[in-house]
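Printed here is input-v5.cif (mmCIF, C-alpha atoms):
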data_data
#
loop_
_atom_site.label_atom_id
_atom_site.label_comp_id
_atom_site.auth_asym_id
_atom_site.auth_seq_id
_atom_site.Cartn_x
_atom_site.Cartn_y
_atom_site.Cartn_z
CA ALA A 285 60.01 69.11 87.95
CA ARG A 286 62.31 66.92 85.88
CA VAL A 287 61.83 67.21 82.14
CA GLY A 288 61.52 63.72 80.67
CA PRO A 289 61.73 62.64 77.02
CA ARG A 290 58.32 60.96 76.81
CA ARG A 291 55.57 62.64 74.82
CA VAL A 292 53.45 65.13 76.78
CA ALA A 293 49.92 65.53 75.47
CA ALA A 294 49.62 69.14 76.61
CA TRP A 295 52.38 70.15 74.19
CA ARG A 296 50.65 68.53 71.23
CA ARG A 297 47.65 70.81 70.73
CA GLY A 298 46.76 71.40 67.12
CA ARG A 299 48.83 68.45 65.84
CA THR A 300 47.50 65.27 64.32
CA ARG A 301 47.04 62.67 67.01
CA VAL A 302 48.92 59.44 66.31
CA THR A 303 48.74 56.56 68.75
CA GLU A 304 51.75 54.80 70.19
CA ALA A 305 50.70 51.61 68.40
CA GLU A 306 50.62 53.44 65.07
CA ARG A 307 54.08 54.89 65.65
CA ARG A 308 55.44 51.49 66.64
CA ALA A 309 53.95 49.86 63.56
CA ALA A 310 55.44 52.53 61.28
CA LEU A 311 58.89 52.12 62.87
CA GLU A 312 58.75 48.34 62.58
CA ALA A 313 57.82 48.58 58.90
CA ILE A 314 60.80 50.87 58.26
CA ALA A 315 63.09 48.53 60.22
CA ALA A 316 62.00 45.57 58.10
CA GLU A 317 62.90 47.50 54.94
CA VAL A 318 66.28 48.48 56.39
CA ARG A 319 67.13 44.86 57.20
CA ALA A 320 66.47 43.85 53.59
CA CYS A 321 68.01 46.96 52.01
CA THR A 322 70.46 46.71 49.10
CA ARG A 323 70.45 50.40 48.08
CA CYS A 324 74.19 50.90 48.53
CA ARG A 325 77.44 48.97 48.73
CA LEU A 326 77.35 48.74 52.52
CA HIS A 327 74.93 45.83 52.44
CA ASP A 328 77.62 43.61 50.89
CA GLY A 329 79.70 43.40 54.06
CA ARG A 330 77.13 43.69 56.81
CA THR A 331 76.26 41.01 59.32
CA ARG A 332 73.11 42.81 60.43
CA ALA A 333 71.60 46.13 59.50
CA VAL A 334 70.94 48.47 62.41
CA PRO A 335 67.63 50.32 61.95
CA GLY A 336 67.52 51.89 65.41
CA GLU A 337 65.54 51.37 68.58
CA GLY A 338 63.73 53.19 71.34
CA HIS A 339 60.39 54.28 72.67
CA PRO A 340 57.78 55.10 70.00
CA SER A 341 56.30 57.87 72.15
CA THR A 342 59.53 59.69 72.84
CA GLU A 343 60.01 63.30 71.83
CA VAL A 344 63.82 63.00 71.69
CA VAL A 345 65.77 61.24 68.93
CA PHE A 346 69.55 60.73 69.09
CA VAL A 347 71.16 60.37 65.66
CA GLY A 348 74.66 58.91 65.43
CA GLU A 349 76.81 58.21 62.40
CA GLY A 350 76.91 54.49 61.62
CA PRO A 351 77.15 51.06 63.21
CA GLY A 352 80.44 49.75 64.52
CA LEU A 353 81.62 46.17 64.97
CA ASN A 354 79.41 45.34 67.95
CA GLU A 355 76.38 47.01 66.40
CA ASP A 356 76.89 45.04 63.18
CA ARG A 357 76.97 41.80 65.18
CA GLN A 358 73.91 42.57 67.31
CA GLY A 359 71.79 44.68 64.97
CA ARG A 360 71.38 47.34 67.68
CA PRO A 361 72.75 50.91 67.86
CA PHE A 362 75.32 52.05 70.41
CA VAL A 363 76.13 48.78 72.19
CA GLY A 364 79.93 49.16 72.36
CA ARG A 365 82.04 51.38 74.60
CA ALA A 366 80.61 54.53 73.06
CA GLY A 367 77.16 53.19 73.81
CA ASP A 368 78.11 52.62 77.43
CA LEU A 369 79.17 56.25 77.67
CA LEU A 370 75.92 57.38 76.04
CA VAL A 371 74.01 55.47 78.73
CA ARG A 372 76.05 57.25 81.42
CA LEU A 373 75.44 60.61 79.79
CA LEU A 374 71.70 59.96 79.75
CA ALA A 375 71.79 58.76 83.37
CA SER A 376 73.44 62.03 84.38
CA ILE A 377 70.17 63.83 83.52
CA GLY A 378 67.93 61.09 84.89
CA TRP A 379 67.07 59.54 81.50
CA ARG A 380 67.35 55.96 80.21
CA ARG A 381 68.14 54.85 76.68
CA GLU A 382 64.78 53.04 76.59
CA ASP A 383 63.02 56.40 76.92
CA VAL A 384 64.54 57.94 73.77
CA PHE A 385 65.00 56.72 70.21
CA ILE A 386 68.54 56.04 68.94
CA THR A 387 69.51 55.59 65.30
CA ASN A 388 72.25 56.50 62.78
CA ILE A 389 72.52 58.32 59.48
CA VAL A 390 73.68 55.06 57.85
CA LYS A 391 72.18 51.76 58.92
CA CYS A 392 74.98 49.36 57.90
CA ARG A 393 78.59 49.30 59.08
CA PRO A 394 81.11 50.94 56.74
CA PRO A 395 84.10 48.66 56.06
CA GLU A 396 86.77 48.93 58.76
CA ASN A 397 84.58 51.58 60.39
CA ARG A 398 85.56 54.23 57.84
CA ASP A 399 83.57 57.43 57.44
CA PRO A 400 80.27 56.97 55.58
CA GLU A 401 80.44 58.19 51.98
CA PRO A 402 78.00 60.85 50.72
CA ASP A 403 76.18 58.40 48.43
CA GLU A 404 75.77 55.96 51.33
CA ILE A 405 74.30 58.69 53.51
CA ALA A 406 71.97 59.63 50.64
CA ALA A 407 70.87 56.01 50.20
CA CYS A 408 69.92 55.76 53.88
CA ASP A 409 68.39 59.22 54.13
CA PRO A 410 64.82 58.15 53.21
CA TYR A 411 64.82 55.71 56.13
CA LEU A 412 65.95 58.36 58.61
CA ARG A 413 63.48 60.87 57.22
CA ARG A 414 60.60 58.40 57.57
CA GLN A 415 61.67 57.49 61.10
CA LEU A 416 61.58 61.16 62.07
CA GLU A 417 58.22 61.61 60.37
CA ALA A 418 56.83 58.65 62.33
CA LEU A 419 58.27 59.78 65.67
CA ASP A 420 57.59 63.51 65.14
CA PRO A 421 60.19 64.47 67.79
CA ALA A 422 60.39 67.85 69.45
CA LEU A 423 64.19 67.53 69.76
CA VAL A 424 66.82 65.82 67.59
CA VAL A 425 70.24 65.35 69.23
CA THR A 426 73.05 64.76 66.75
CA LEU A 427 76.07 62.71 67.85
CA GLY A 428 79.22 63.39 65.89
CA ARG A 429 80.25 65.58 62.99
CA HIS A 430 78.68 63.51 60.18
CA SER A 431 75.30 63.44 61.90
CA MET A 432 75.55 67.13 62.72
CA ALA A 433 76.35 67.92 59.07
CA ARG A 434 73.03 66.37 58.04
CA PHE A 435 71.08 68.75 60.30
CA MET A 436 73.46 71.71 60.68
CA PRO A 437 75.33 72.06 57.39
CA GLY A 438 78.07 74.61 57.02
CA THR A 439 79.54 74.53 60.51
CA THR A 440 82.01 72.49 62.57
CA ILE A 441 81.29 70.48 65.66
CA SER A 442 83.82 72.39 67.75
CA ARG A 443 81.86 75.60 67.08
CA SER A 444 78.35 74.19 67.25
CA HIS A 445 78.27 71.51 69.96
CA GLY A 446 75.90 72.51 72.72
CA THR A 447 73.82 74.77 70.43
CA LEU A 448 70.33 74.62 68.96
CA ARG A 449 68.91 75.26 65.52
CA PRO A 450 65.45 74.83 64.09
CA ALA A 451 65.30 71.60 62.10
CA ASP A 452 64.84 71.79 58.35
CA PRO A 453 61.42 70.21 57.71
CA ALA A 454 62.97 68.34 54.77
CA THR A 455 64.83 66.14 57.30
CA GLY A 456 61.52 64.68 58.46
CA ALA A 457 61.55 66.57 61.77
CA SER A 458 58.92 69.06 60.70
CA SER A 459 58.74 71.23 63.82
CA ALA A 460 61.72 70.30 65.95
CA LEU A 461 64.89 71.83 67.30
CA VAL A 462 68.28 70.22 66.68
CA PHE A 463 70.93 70.06 69.42
CA ALA A 464 74.51 69.14 68.50
CA MET A 465 76.85 66.99 70.60
CA TYR A 466 80.19 65.30 70.11
CA HIS A 467 80.08 61.58 69.38
CA PRO A 468 80.63 59.56 72.58
CA ALA A 469 83.56 57.77 70.93
CA ALA A 470 85.33 61.11 70.54
CA ALA A 471 84.73 61.70 74.24
CA LEU A 472 86.36 58.36 75.02
CA ARG A 473 89.48 59.49 73.16
CA THR A 474 89.77 62.98 74.64
CA PRO A 475 89.04 63.90 78.29
CA ALA A 476 88.24 67.52 77.38
CA ILE A 477 85.57 66.34 74.95
CA GLU A 478 84.12 64.00 77.57
CA GLU A 479 83.87 66.95 79.97
CA ALA A 480 82.19 69.03 77.25
CA SER A 481 79.79 66.16 76.52
CA TYR A 482 78.59 66.03 80.12
CA ALA A 483 78.09 69.81 80.03
CA ASP A 484 76.19 69.54 76.74
CA ILE A 485 73.90 66.70 77.85
CA GLY A 486 73.07 68.77 80.91
CA ARG A 487 71.47 71.34 78.56
CA VAL A 488 69.29 68.80 76.76
CA PRO A 489 66.30 68.85 79.18
CA ALA A 490 66.11 72.65 78.89
CA ALA A 491 66.42 72.36 75.12
CA LEU A 492 63.50 69.90 75.13
CA ALA A 493 61.44 72.27 77.28
CA ASP A 494 62.11 75.07 74.79
CA ALA A 495 61.25 72.78 71.86
CA ARG A 496 57.93 71.93 73.49
CA ALA A 497 57.27 75.61 74.20
CA LEU A 498 58.06 76.48 70.60
CA ARG A 499 55.49 73.96 69.39
CA SER A 500 52.79 75.14 71.76
CA GLY A 501 53.45 78.85 71.45
CA ALA A 502 54.05 79.07 75.21
CA PRO A 503 56.96 81.08 76.66
CA ALA A 504 60.24 79.21 77.04
CA THR A 505 60.79 77.98 80.58
CA GLY A 506 64.52 78.65 81.01
CA PRO A 507 66.09 81.96 82.02
CA THR A 508 67.66 82.16 78.56
CA SER A 509 65.31 81.12 75.78
CA ALA A 510 66.59 78.78 73.07
CA ARG A 511 63.73 79.74 70.81
CA PRO A 512 64.30 81.61 67.54
CA ALA A 513 63.61 85.34 67.66
CA ALA A 514 60.74 84.90 65.18
CA PRO A 515 58.04 82.20 65.42
CA ALA A 516 58.80 78.98 63.62
CA PRO A 517 57.31 79.02 60.11
CA ARG A 518 54.16 77.05 59.56
CA PRO A 519 54.34 74.27 56.92
CA GLU A 520 52.94 76.54 54.21
CA ALA A 521 55.53 79.26 54.88
CA ALA A 522 59.04 79.26 53.47
CA PRO A 523 61.56 78.15 56.10
CA GLN A 524 63.58 80.95 57.62
CA PRO A 525 67.40 80.72 57.59
CA ALA A 526 68.52 78.65 60.55
CA ALA A 527 70.58 80.60 63.04
CA VAL A 528 72.69 78.93 65.67
CA LEU A 529 70.99 79.43 69.02
CA PRO A 530 72.49 78.98 72.48
CA ALA A 531 70.92 76.20 74.53
CA ALA A 532 68.50 77.30 77.22
CA ALA A 533 69.80 78.47 80.59
CA VAL A 534 73.47 77.84 79.86
CA PRO A 535 75.68 79.51 77.23
CA ALA A 536 77.35 77.26 74.68
CA ALA A 537 80.50 75.63 75.98
CA PRO A 538 83.77 76.76 74.37
CA PRO A 539 85.55 74.22 72.19
CA PRO A 540 87.79 71.84 74.13
CA PRO A 541 91.30 73.29 74.27
CA THR A 542 93.18 70.10 73.54
CA ASP A 543 91.19 68.99 70.49
CA PRO A 544 89.39 71.89 68.82
CA ASP A 545 87.82 69.92 65.98
CA PRO A 546 88.79 66.25 66.03
CA ALA A 547 88.88 64.73 62.57
CA PRO A 548 90.91 61.52 62.75
CA PRO A 549 91.14 59.28 59.70
CA ALA A 550 88.35 57.18 61.17
CA SER A 551 84.97 58.55 62.16
CA ASP A 552 84.07 59.39 65.74
CA GLN A 553 82.64 56.00 66.63
CA LEU A 554 85.05 53.77 64.85
CA THR A 555 87.61 51.37 66.31
CA LEU A 556 86.45 52.08 69.86
CA PHE A 557 83.56 49.72 69.13
CA ARG A 558 85.95 46.76 68.95
#
Could you express the structure from this file as structure tokens?
Amino acid sequence: ARVGPRRVAAWRRGRTRVTEAERRAALEAIAAEVRACTRCRLHDGRTRAVPGEGHPSTEVVFVGEGPGLNEDRQGRPFVGRAGDLLVRLLASIGWRREDVFITNIVKCRPPENRDPEPDEIAACDPYLRRQLEALDPALVVTLGRHSMARFMPGTTISRSHGTLRPADPATGASSALVFAMYHPAAALRTPAIEEASYADIGRVPAALADARALRSGAPATGPTSARPAAPAPRPEAAPQPAAVLPAAAVPAAPPPPTDPDPAPPASDQLTLFR
């Protein structure tokens, strides 16, 4: 059966039950704060803040880097060319963008689409953390190197795309797995990265199945488990060091030969949003 991103009650045993209406209300309250936010310099040049959007009962959250030109105009994430590719990537596994939640590590557009600065990421971090706490996802999919660095510090995207790690509970995703992908804008620039992105998204349903199994204590469903060797620590236990884990059923793809670790002056999603 196809693995979909919507919340499955059977995988939620032992967890506090939160209704869809309560999740939606929490997300709307956070979005209202984001739209009025003046915590960092990015608010000076924005047209609209971009809190994020998606289904409140999803178990999959995609986290990009920051709004581009079209996002700034519309107040919605991933509505430019990179967003069109993200929709196609999701369609390739039978998912729709309405069935997941999509947001960014910074909620306002950096000037000229430059990389977000560390203090800007830090200013937005409480919003992202609260969004993840409200959604309580089983799987967080990072899009791009800046997003990946928030959840998988100390590695590069060319080494870690297509792999899983347990999420640090401090991120707000208290019992989730994190799956790294290239940013769709990087895929638009480089055919090899686009090919790798389609391979990576193809592993996401199996990664979600393993994340659900990890939560429930059931065996992983894929031939190759993406679960950690030891059980995930309970909230009162100290977190174990996060090891990079291959995605279920398929080994991690090798880095694209033509662009092993793209790091152009602009960030992955930048001028391609124009």
- Task: Compute the distance from (78.7, 59.3, 61.1) to each atom, counting only C-alpha atoms, keep the residues with any atom at most 12 Å away, and return them as an MDAnalysis selection string; use the coordinates of the file.
- Result: chainID A and resid 347:352 387:394 397:402 404:405 408 426:434 466:470 547 550:554
Which residues of stretch 390-431 of chain A come within 9 Å of stretch 310-313 of chain A, and what is each one's closest atom pair and distance in Å (one decimal), counting only C-alpha atoms, sorted by chain and residue number, as JSON lines?
{"residue": "A:Arg414", "atom": "CA", "partner": "A:Leu311", "partner_atom": "CA", "distance": 8.4}
{"residue": "A:Gln415", "atom": "CA", "partner": "A:Leu311", "partner_atom": "CA", "distance": 6.3}
{"residue": "A:Ala418", "atom": "CA", "partner": "A:Ala310", "partner_atom": "CA", "distance": 6.4}
{"residue": "A:Leu419", "atom": "CA", "partner": "A:Leu311", "partner_atom": "CA", "distance": 8.2}
- Task: Using the chain letters and residue numbers of this document, give as number ranges by chain the residues selected by the PyMOL selection byres ((chain A and resi 364-378) around 9).
- Result: A: 286, 288, 352-355, 361-363, 379-381, 467-472, 481-482, 485-486, 488-489, 553, 556-558
- Task: Please write the residues picked by the PyMOL selection byres ((chain A and resi 425) around 6) on this file as a ChimeraX atom specification.
- Result: /A:346,424,426,462-464
- Task: One decimal, Å: what's the distance from atom CA of A:Arg449 over to atom CA of A:Asp484, could you say?
- Result: 14.5 Å
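Restricting the calculation to only C-alpha atoms, the smallest distance between A:Leu416 and any of A:Ala309, A:Glu304, A:Ser458, A:Arg443 is found for A:Ser458.
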- Task: May I ask which of the residues A:Thr342, A:Thr331, A:Thr474, A:Thr455 is the closest one to A:Arg307, counting all atoms listed in the file?
- Result: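 Looking at the shortest contact to A:Arg307, the residue is A:Thr342.
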- A:Arg319, A:Arg499, A:Arg487, A:Arg330: which is nearest A:Ser459, counting all atoms listed in the file? A:Arg499
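The space between atom CA of A:Ala320 and atom CA of A:Ala305 spans 23.0 Å.
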- Between atom CA of A:Glu382 and atom CA of A:His339, measure the distance and give it in Å to one decimal. 6.0 Å
- Looking at all atoms listed in the file, which of A:Val384, A:Ala495, A:Ile314, A:Ala333 is the one that sits closest to A:Leu448?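 Using all atoms listed in the file, the shortest distance to A:Leu448 belongs to A:Ala495.
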- Using all atoms listed in the file, which residue out of A:Ala451, A:Met436, A:Ala422, A:Ala483 lies closest to A:Glu343?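 Closest to A:Glu343 of all the choices is A:Ala422.
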